[in-house]
Amino acid sequence: MKKYLGLALTLAVVVAAVGAPWLAATDPMTTDFAGGLKPPGSPGHPLGTDQLGRDLLARVLYGARLALFIGVCTVVVTAIVGGLLGLVAGFVERWPSTAIMRLADVQLSFPFILLALTINAIVGLGLRNIILSLSAAGWVVYARVVRGEVLSVKQRDYVHAAAALGVGRPRLLFRHVLPNVAPSIIVVASLQFSQFVVAEAAISFLGFGVQPPTPAWGSMLSESRDFLYVAWWLGAFPGAALALTALGVNLLGDWLRDTLDPKLRV
Amino acid sequence: MRGWIASRLLQTVLVVFLSLTAVFGMVRLSGDPVLLFMPMDIQAKDVNEYRERLGFNDPLLVQYARFMRGAVRGDFGESLRYRRDALGLVLERLPATLLLAGTAMLLTLALAVPLGVATAVRRDGAVDHAGTVLMVLGQATPGFWLGLMLIYLFAVQLRWLPTGGMGGLAHLVMPAVVLAAFYAARVARLTRSAVLEALGEDYVLTARAKGLAERHVVGKHALRNSAIPIVTLAGLEAGQLLGGAVVTETIFAWPGLGRLTVQALLNRDFPVVMAAVSFTSIVYTLMNLVVDLLYAWLDPRVRLRS
């Protein structure tokens, strides 16, 4: 049940994102001042229009594109950076391990959203910088989980056997340890994905991150606040899209965890 | 035990020290910090004067030493906007955030723990299914969207509650519910899995075999033993309320620490940003320390292991 609902929702978001140019009747940026704030169900605008007459359906669909793009990029960057640092911290003990874990402690002494928001406000606005900020704040979880896994995997007999056969350390790490840690990385990635997508929306909502007129769910929600009294649909649909995306990916992540790594706690 | 506490305290001091260093480093990340500290409308000729006055012409190490010395004494400089002590502004906003976070916490414990226990006891029954759906939805719903929709429903349409600001009890309802929603979903899930784990233990089997009433088995044996993981995980999660407050306070114009931080970031009032972020980080670290100590006190195995 979890699996199918998760798969269906995730698939729907992917289809919306990839197919946005074909699914949307109009361009998400085309304004029509005469046709602003039309309610859902208006001819030609199934979800209505915003204050500038832009088609809300088109904006929500293109928003899916942006959300998924940011989510995927951030997950890939954090998985690589955090995964590598976790591998090193678990495999090479002594100072690199201590240094990496202290850095992780420091990062964990800030609430995630506050850290990402502050970094974003400092490095600046825009798509590249939001991915950078989320990644800088988010790699820690991978590093911790991977380090823990490596510490237990490297005690296994097959690793000792490979080492006794004279396998070099890099090969030992990437050929024998990494494949056995990979399931945890996949599970963490799927559970982190929705956190990144929601955090991006929250940061854009607060006025940082992705800026209007780019159709991002967070900045659309932010703009909708000014029209809450007259146009409920401006906030309802982008937020529902965001919640359904988070729901789908969370369910998929839960299912992946149950299947691949039931003991993992993130 | 004493040695363990001492090492844990030392570790906390180190983390606080490194976090302050990180705050200093973050602001220097941007290249020219003068651009962050200047009013937006400043003239080019004034830039150098500013740079000199704020000490950005000194070597980095000198600046770092000055920042740390100030931070230890609680001096983060003066707010560029309000011309007042930055930490003073932060402390002024603290009670509002504590009130909000505390209410959210109570709300969470009052709702999430009973829900978690009920779903665990009635595993795979109707209560469990309905409860699980609630938890999953609660975790997936972004707080700021929930906030907007609640404002639309209860403030705009029904006119039962104010849209924002701080005042009587009515002002507290929506922000506390929004802040609690996500957190409650997490705590309920944790409670459910902790109780399920305890129900699978031998002592529960023994208690049942003795013919104890189910209410005693759950209330006395299972619940008490699952209290430890619930307390720790709930405590660790509580820190996230400080992060959640950043967004929730902004939606409801709640005059707390989170809103101050967002406004300072938007106004590029960096002394206040540094004070607020440092303060939040220290509170967060201390909360983690308290939870750790509590955990060790509740469960001797923890301190014996380390």
# chains A, B, ... in the order shown; residues from 1 in each chain; ligands from 1
$ interface_residues --of "chain B" --to "chain A" --cutoff "6 Å" --atoms "only C-alpha atoms" --output "list in words"
Val15, Ser19, Ser30, Ala140, Thr141, Trp145, Gln240, Gly243, Ser281 and Thr285 of chain B
$ select_by_dssp --residues "region 119-156 of chain A" --states "alpha helix (DSSP H)" --output "tab-separated table (two decimals) with N, CA and C atoms, in the first residue's frame"
chain	number	residue	atom	x	y	z
A	119	ILE	N	23.19	30.49	5.43
A	119	ILE	CA	24.19	30.35	4.37
A	119	ILE	C	23.64	30.96	3.08
A	120	ASN	N	22.36	30.68	2.79
A	120	ASN	CA	21.77	31.20	1.57
A	120	ASN	C	21.74	32.73	1.56
A	121	ALA	N	21.42	33.32	2.70
A	121	ALA	CA	21.37	34.78	2.77
A	121	ALA	C	22.76	35.37	2.55
A	122	ILE	N	23.79	34.62	2.93
A	122	ILE	CA	25.15	35.14	2.77
A	122	ILE	C	25.69	34.90	1.37
A	123	VAL	N	25.55	33.68	0.84
A	123	VAL	CA	26.12	33.42	-0.48
A	123	VAL	C	25.30	34.05	-1.59
A	127	LEU	N	19.29	29.91	-8.18
A	127	LEU	CA	19.17	28.47	-8.20
A	127	LEU	C	20.44	27.76	-7.72
A	128	ARG	N	21.61	28.19	-8.27
A	128	ARG	CA	22.85	27.52	-7.93
A	128	ARG	C	23.15	27.67	-6.44
A	129	ASN	N	22.90	28.87	-5.93
A	129	ASN	CA	23.23	29.13	-4.53
A	129	ASN	C	22.31	28.40	-3.56
A	130	ILE	N	21.05	28.18	-3.95
A	130	ILE	CA	20.17	27.45	-3.03
A	130	ILE	C	20.61	25.99	-2.95
A	131	ILE	N	21.04	25.42	-4.07
A	131	ILE	CA	21.54	24.04	-4.05
A	131	ILE	C	22.80	23.96	-3.19
A	132	LEU	N	23.66	24.95	-3.36
A	132	LEU	CA	24.89	25.03	-2.57
A	132	LEU	C	24.57	25.12	-1.08
A	133	SER	N	23.62	25.99	-0.71
A	133	SER	CA	23.32	26.19	0.71
A	133	SER	C	22.74	24.94	1.33
A	134	LEU	N	21.78	24.32	0.62
A	134	LEU	CA	21.15	23.10	1.16
A	134	LEU	C	22.19	21.99	1.30
A	135	SER	N	23.09	21.90	0.32
A	135	SER	CA	24.12	20.85	0.39
A	135	SER	C	25.06	21.10	1.55
A	136	ALA	N	25.47	22.36	1.72
A	136	ALA	CA	26.40	22.67	2.80
A	136	ALA	C	25.79	22.34	4.15
A	137	ALA	N	24.45	22.49	4.26
A	137	ALA	CA	23.80	22.20	5.54
A	137	ALA	C	23.43	20.73	5.68
A	138	GLY	N	23.35	19.99	4.55
A	138	GLY	CA	22.73	18.67	4.59
A	138	GLY	C	23.63	17.45	4.50
A	139	TRP	N	24.94	17.64	4.26
A	139	TRP	CA	25.80	16.47	4.03
A	139	TRP	C	26.03	15.65	5.30
A	140	VAL	N	25.80	16.29	6.46
A	140	VAL	CA	26.19	15.68	7.74
A	140	VAL	C	25.52	14.34	7.99
A	141	VAL	N	24.23	14.25	7.64
A	141	VAL	CA	23.48	13.03	7.93
A	141	VAL	C	24.13	11.83	7.24
A	142	TYR	N	24.51	12.01	5.96
A	142	TYR	CA	25.17	10.92	5.24
A	142	TYR	C	26.48	10.55	5.93
A	143	ALA	N	27.28	11.57	6.24
A	143	ALA	CA	28.59	11.31	6.83
A	143	ALA	C	28.44	10.46	8.09
A	144	ARG	N	27.47	10.82	8.93
A	144	ARG	CA	27.29	10.09	10.18
A	144	ARG	C	26.85	8.65	9.94
A	145	VAL	N	25.82	8.51	9.09
A	145	VAL	CA	25.29	7.17	8.85
A	145	VAL	C	26.35	6.29	8.19
A	146	VAL	N	27.03	6.83	7.16
A	146	VAL	CA	28.01	6.03	6.43
A	146	VAL	C	29.17	5.65	7.34
A	147	ARG	N	29.63	6.59	8.16
A	147	ARG	CA	30.73	6.28	9.07
A	147	ARG	C	30.35	5.11	9.98
A	148	GLY	N	29.15	5.19	10.56
A	148	GLY	CA	28.71	4.12	11.44
A	148	GLY	C	28.69	2.77	10.74
A	149	GLU	N	28.18	2.78	9.50
A	149	GLU	CA	28.11	1.53	8.73
A	149	GLU	C	29.50	1.00	8.42
A	150	VAL	N	30.40	1.92	8.01
A	150	VAL	CA	31.76	1.50	7.65
A	150	VAL	C	32.44	0.88	8.86
A	151	LEU	N	32.27	1.49	10.02
A	151	LEU	CA	32.90	0.97	11.24
A	151	LEU	C	32.48	-0.48	11.48
A	152	SER	N	31.21	-0.82	11.17
A	152	SER	CA	30.81	-2.20	11.41
A	152	SER	C	31.19	-3.11	10.24
A	153	VAL	N	31.07	-2.58	9.01
A	153	VAL	CA	31.38	-3.42	7.84
A	153	VAL	C	32.85	-3.82	7.81
$ atom_distance --atom1 "CA of Gly63 (chain A)" --atom2 "CA of Ala17 (chain A)"
7.6 Å
$ atom_distance --atom1 "CA of Lys2 (chain A)" --atom2 "CA of Gly147 (chain B)"
26.7 Å
$ residues_around --residues "Pro213 (chain A)" --least-positions-apart "6" --cutoff "10 Å" --atoms "only C-alpha atoms" --output "JSON, numbers by chain"
{"A": [28, 29, 59, 219, 220]}
$ atom_distance --atom1 "CA of Ala176 (chain B)" --atom2 "CA of Val231 (chain B)"
20.5 Å
$ closest_residue --among "B:Ile151, B:Ala275, B:Val133, B:Ala112" --to "Tyr183 (chain B)" --atoms "only C-alpha atoms"
B:Ala112
$ residues_around --residues "Arg123 (chain B)" --least-positions-apart "6" --cutoff "12 Å" --atoms "only C-alpha atoms" --output "PDB file with N, CA and C atoms, in the first residue's frame"
ATOM      1  N   LEU B 115      -1.406   8.947  21.033  1.00  0.00           N
ATOM      2  CA  LEU B 115      -1.640   8.417  19.684  1.00  0.00           C
ATOM      3  C   LEU B 115      -0.664   7.288  19.369  1.00  0.00           C
ATOM      4  N   GLY B 116       0.612   7.516  19.714  1.00  0.00           N
ATOM      5  CA  GLY B 116       1.623   6.491  19.461  1.00  0.00           C
ATOM      6  C   GLY B 116       1.330   5.212  20.214  1.00  0.00           C
ATOM      7  N   VAL B 117       0.931   5.342  21.481  1.00  0.00           N
ATOM      8  CA  VAL B 117       0.623   4.157  22.294  1.00  0.00           C
ATOM      9  C   VAL B 117      -0.606   3.443  21.736  1.00  0.00           C
ATOM     10  N   HIS B 129      -4.358   2.092  11.609  1.00  0.00           N
ATOM     11  CA  HIS B 129      -4.345   2.584  10.224  1.00  0.00           C
ATOM     12  C   HIS B 129      -4.648   4.065  10.166  1.00  0.00           C
ATOM     13  N   ALA B 130      -5.707   4.480  10.887  1.00  0.00           N
ATOM     14  CA  ALA B 130      -6.067   5.896  10.874  1.00  0.00           C
ATOM     15  C   ALA B 130      -4.935   6.736  11.465  1.00  0.00           C
ATOM     16  N   GLY B 131      -4.365   6.258  12.580  1.00  0.00           N
ATOM     17  CA  GLY B 131      -3.283   6.986  13.237  1.00  0.00           C
ATOM     18  C   GLY B 131      -2.066   7.114  12.339  1.00  0.00           C
ATOM     19  N   THR B 132      -1.728   6.012  11.656  1.00  0.00           N
ATOM     20  CA  THR B 132      -0.566   6.043  10.786  1.00  0.00           C
ATOM     21  C   THR B 132      -0.762   7.033   9.637  1.00  0.00           C
ATOM     22  N   ARG B 192       5.240   4.985  18.773  1.00  0.00           N
ATOM     23  CA  ARG B 192       4.667   3.746  18.257  1.00  0.00           C
ATOM     24  C   ARG B 192       5.747   2.670  18.146  1.00  0.00           C
ATOM     25  N   SER B 193       6.901   3.000  17.546  1.00  0.00           N
ATOM     26  CA  SER B 193       7.903   1.953  17.354  1.00  0.00           C
ATOM     27  C   SER B 193       8.543   1.551  18.682  1.00  0.00           C
ATOM     28  N   VAL B 195       7.035   1.522  21.661  1.00  0.00           N
ATOM     29  CA  VAL B 195       6.083   0.668  22.383  1.00  0.00           C
ATOM     30  C   VAL B 195       5.987  -0.703  21.720  1.00  0.00           C
ATOM     31  N   LEU B 196       5.999  -0.718  20.398  1.00  0.00           N
ATOM     32  CA  LEU B 196       5.958  -2.002  19.682  1.00  0.00           C
ATOM     33  C   LEU B 196       7.146  -2.868  20.074  1.00  0.00           C
ATOM     34  N   GLU B 197       8.316  -2.223  20.155  1.00  0.00           N
ATOM     35  CA  GLU B 197       9.516  -2.964  20.518  1.00  0.00           C
ATOM     36  C   GLU B 197       9.378  -3.546  21.925  1.00  0.00           C
ATOM     37  N   LEU B 199       6.654  -4.206  23.543  1.00  0.00           N
ATOM     38  CA  LEU B 199       5.613  -5.233  23.595  1.00  0.00           C
ATOM     39  C   LEU B 199       6.122  -6.592  23.115  1.00  0.00           C
TER      40      LEU B 199
END
$ residues_around --residues "region 186-191 of chain B" --least-positions-apart "6" --cutoff "9 Å" --atoms "only C-alpha atoms" --output "ChimeraX atom specification"
/B:108-109,111-117,119-120,131-132,135-136,138-139,226-227,229-230,233-234,237
$ write_last_selection --atoms "N, CA and C atoms" --output "compact mmCIF listing (two decimals), in the first residue's frame"
# COMPACT_ATOMS: atom_id res chain seq x y z
N THR B 108 2.28 18.65 21.72
CA THR B 108 2.83 17.44 21.12
C THR B 108 2.73 16.26 22.07
N LEU B 109 3.19 16.48 23.31
CA LEU B 109 3.19 15.38 24.26
C LEU B 109 1.77 14.93 24.57
N LEU B 111 -0.78 15.04 22.59
CA LEU B 111 -1.42 14.37 21.45
C LEU B 111 -0.63 13.16 20.96
N ALA B 112 0.70 13.35 20.82
CA ALA B 112 1.49 12.37 20.10
C ALA B 112 1.72 11.09 20.90
N VAL B 113 1.98 11.24 22.19
CA VAL B 113 2.29 10.04 22.98
C VAL B 113 1.06 9.12 23.09
N PRO B 114 -0.13 9.66 23.45
CA PRO B 114 -1.32 8.77 23.45
C PRO B 114 -1.59 8.15 22.08
N LEU B 115 -1.41 8.95 21.03
CA LEU B 115 -1.64 8.42 19.68
C LEU B 115 -0.66 7.29 19.37
N GLY B 116 0.61 7.52 19.71
CA GLY B 116 1.62 6.49 19.46
C GLY B 116 1.33 5.21 20.21
N VAL B 117 0.93 5.34 21.48
CA VAL B 117 0.62 4.16 22.29
C VAL B 117 -0.61 3.44 21.74
N THR B 119 -1.81 3.43 18.70
CA THR B 119 -1.57 2.72 17.43
C THR B 119 -0.73 1.47 17.66
N ALA B 120 0.18 1.51 18.64
CA ALA B 120 1.02 0.34 18.88
C ALA B 120 0.20 -0.79 19.51
N GLY B 131 -4.36 6.26 12.58
CA GLY B 131 -3.28 6.99 13.24
C GLY B 131 -2.07 7.11 12.34
N THR B 132 -1.73 6.01 11.66
CA THR B 132 -0.57 6.04 10.79
C THR B 132 -0.76 7.03 9.64
N MET B 135 -0.11 10.42 10.98
CA MET B 135 1.31 10.68 11.20
C MET B 135 2.02 10.96 9.88
N VAL B 136 1.72 10.13 8.88
CA VAL B 136 2.39 10.29 7.59
C VAL B 136 2.01 11.64 6.97
N GLY B 138 1.02 14.30 8.62
CA GLY B 138 1.62 15.35 9.44
C GLY B 138 3.07 15.59 9.08
N GLN B 139 3.78 14.51 8.79
CA GLN B 139 5.19 14.66 8.44
C GLN B 139 5.38 15.27 7.07
N SER B 226 9.46 1.74 27.47
CA SER B 226 9.67 2.48 26.22
C SER B 226 9.82 3.97 26.49
N ALA B 227 9.68 4.37 27.77
CA ALA B 227 9.78 5.80 28.08
C ALA B 227 11.16 6.36 27.77
N PRO B 229 13.60 5.64 25.35
CA PRO B 229 13.81 6.13 23.98
C PRO B 229 12.88 7.28 23.61
N ILE B 230 11.65 7.26 24.13
CA ILE B 230 10.73 8.34 23.78
C ILE B 230 11.25 9.67 24.33
N LEU B 233 14.54 10.76 22.32
CA LEU B 233 14.32 11.17 20.95
C LEU B 233 13.45 12.42 20.89
N ALA B 234 12.43 12.49 21.78
CA ALA B 234 11.60 13.68 21.81
C ALA B 234 12.45 14.89 22.20
N GLU B 237 14.61 15.91 19.28
CA GLU B 237 13.77 16.53 18.27
C GLU B 237 13.34 17.93 18.68
$ closest_residue --among "A:Gly35, A:Gly126, A:Gly168, A:Gly44" --to "Val210 (chain A)" --atoms "only C-alpha atoms"
A:Gly126
$ residues_around --residues "Gln11 (chain B)" --least-positions-apart "2" --cutoff "12 Å" --atoms "only C-alpha atoms" --output "MDAnalysis selection string"
(chainID A and resid 102 105:106) or (chainID B and resid 4:9 13:18 285:286 288:289)
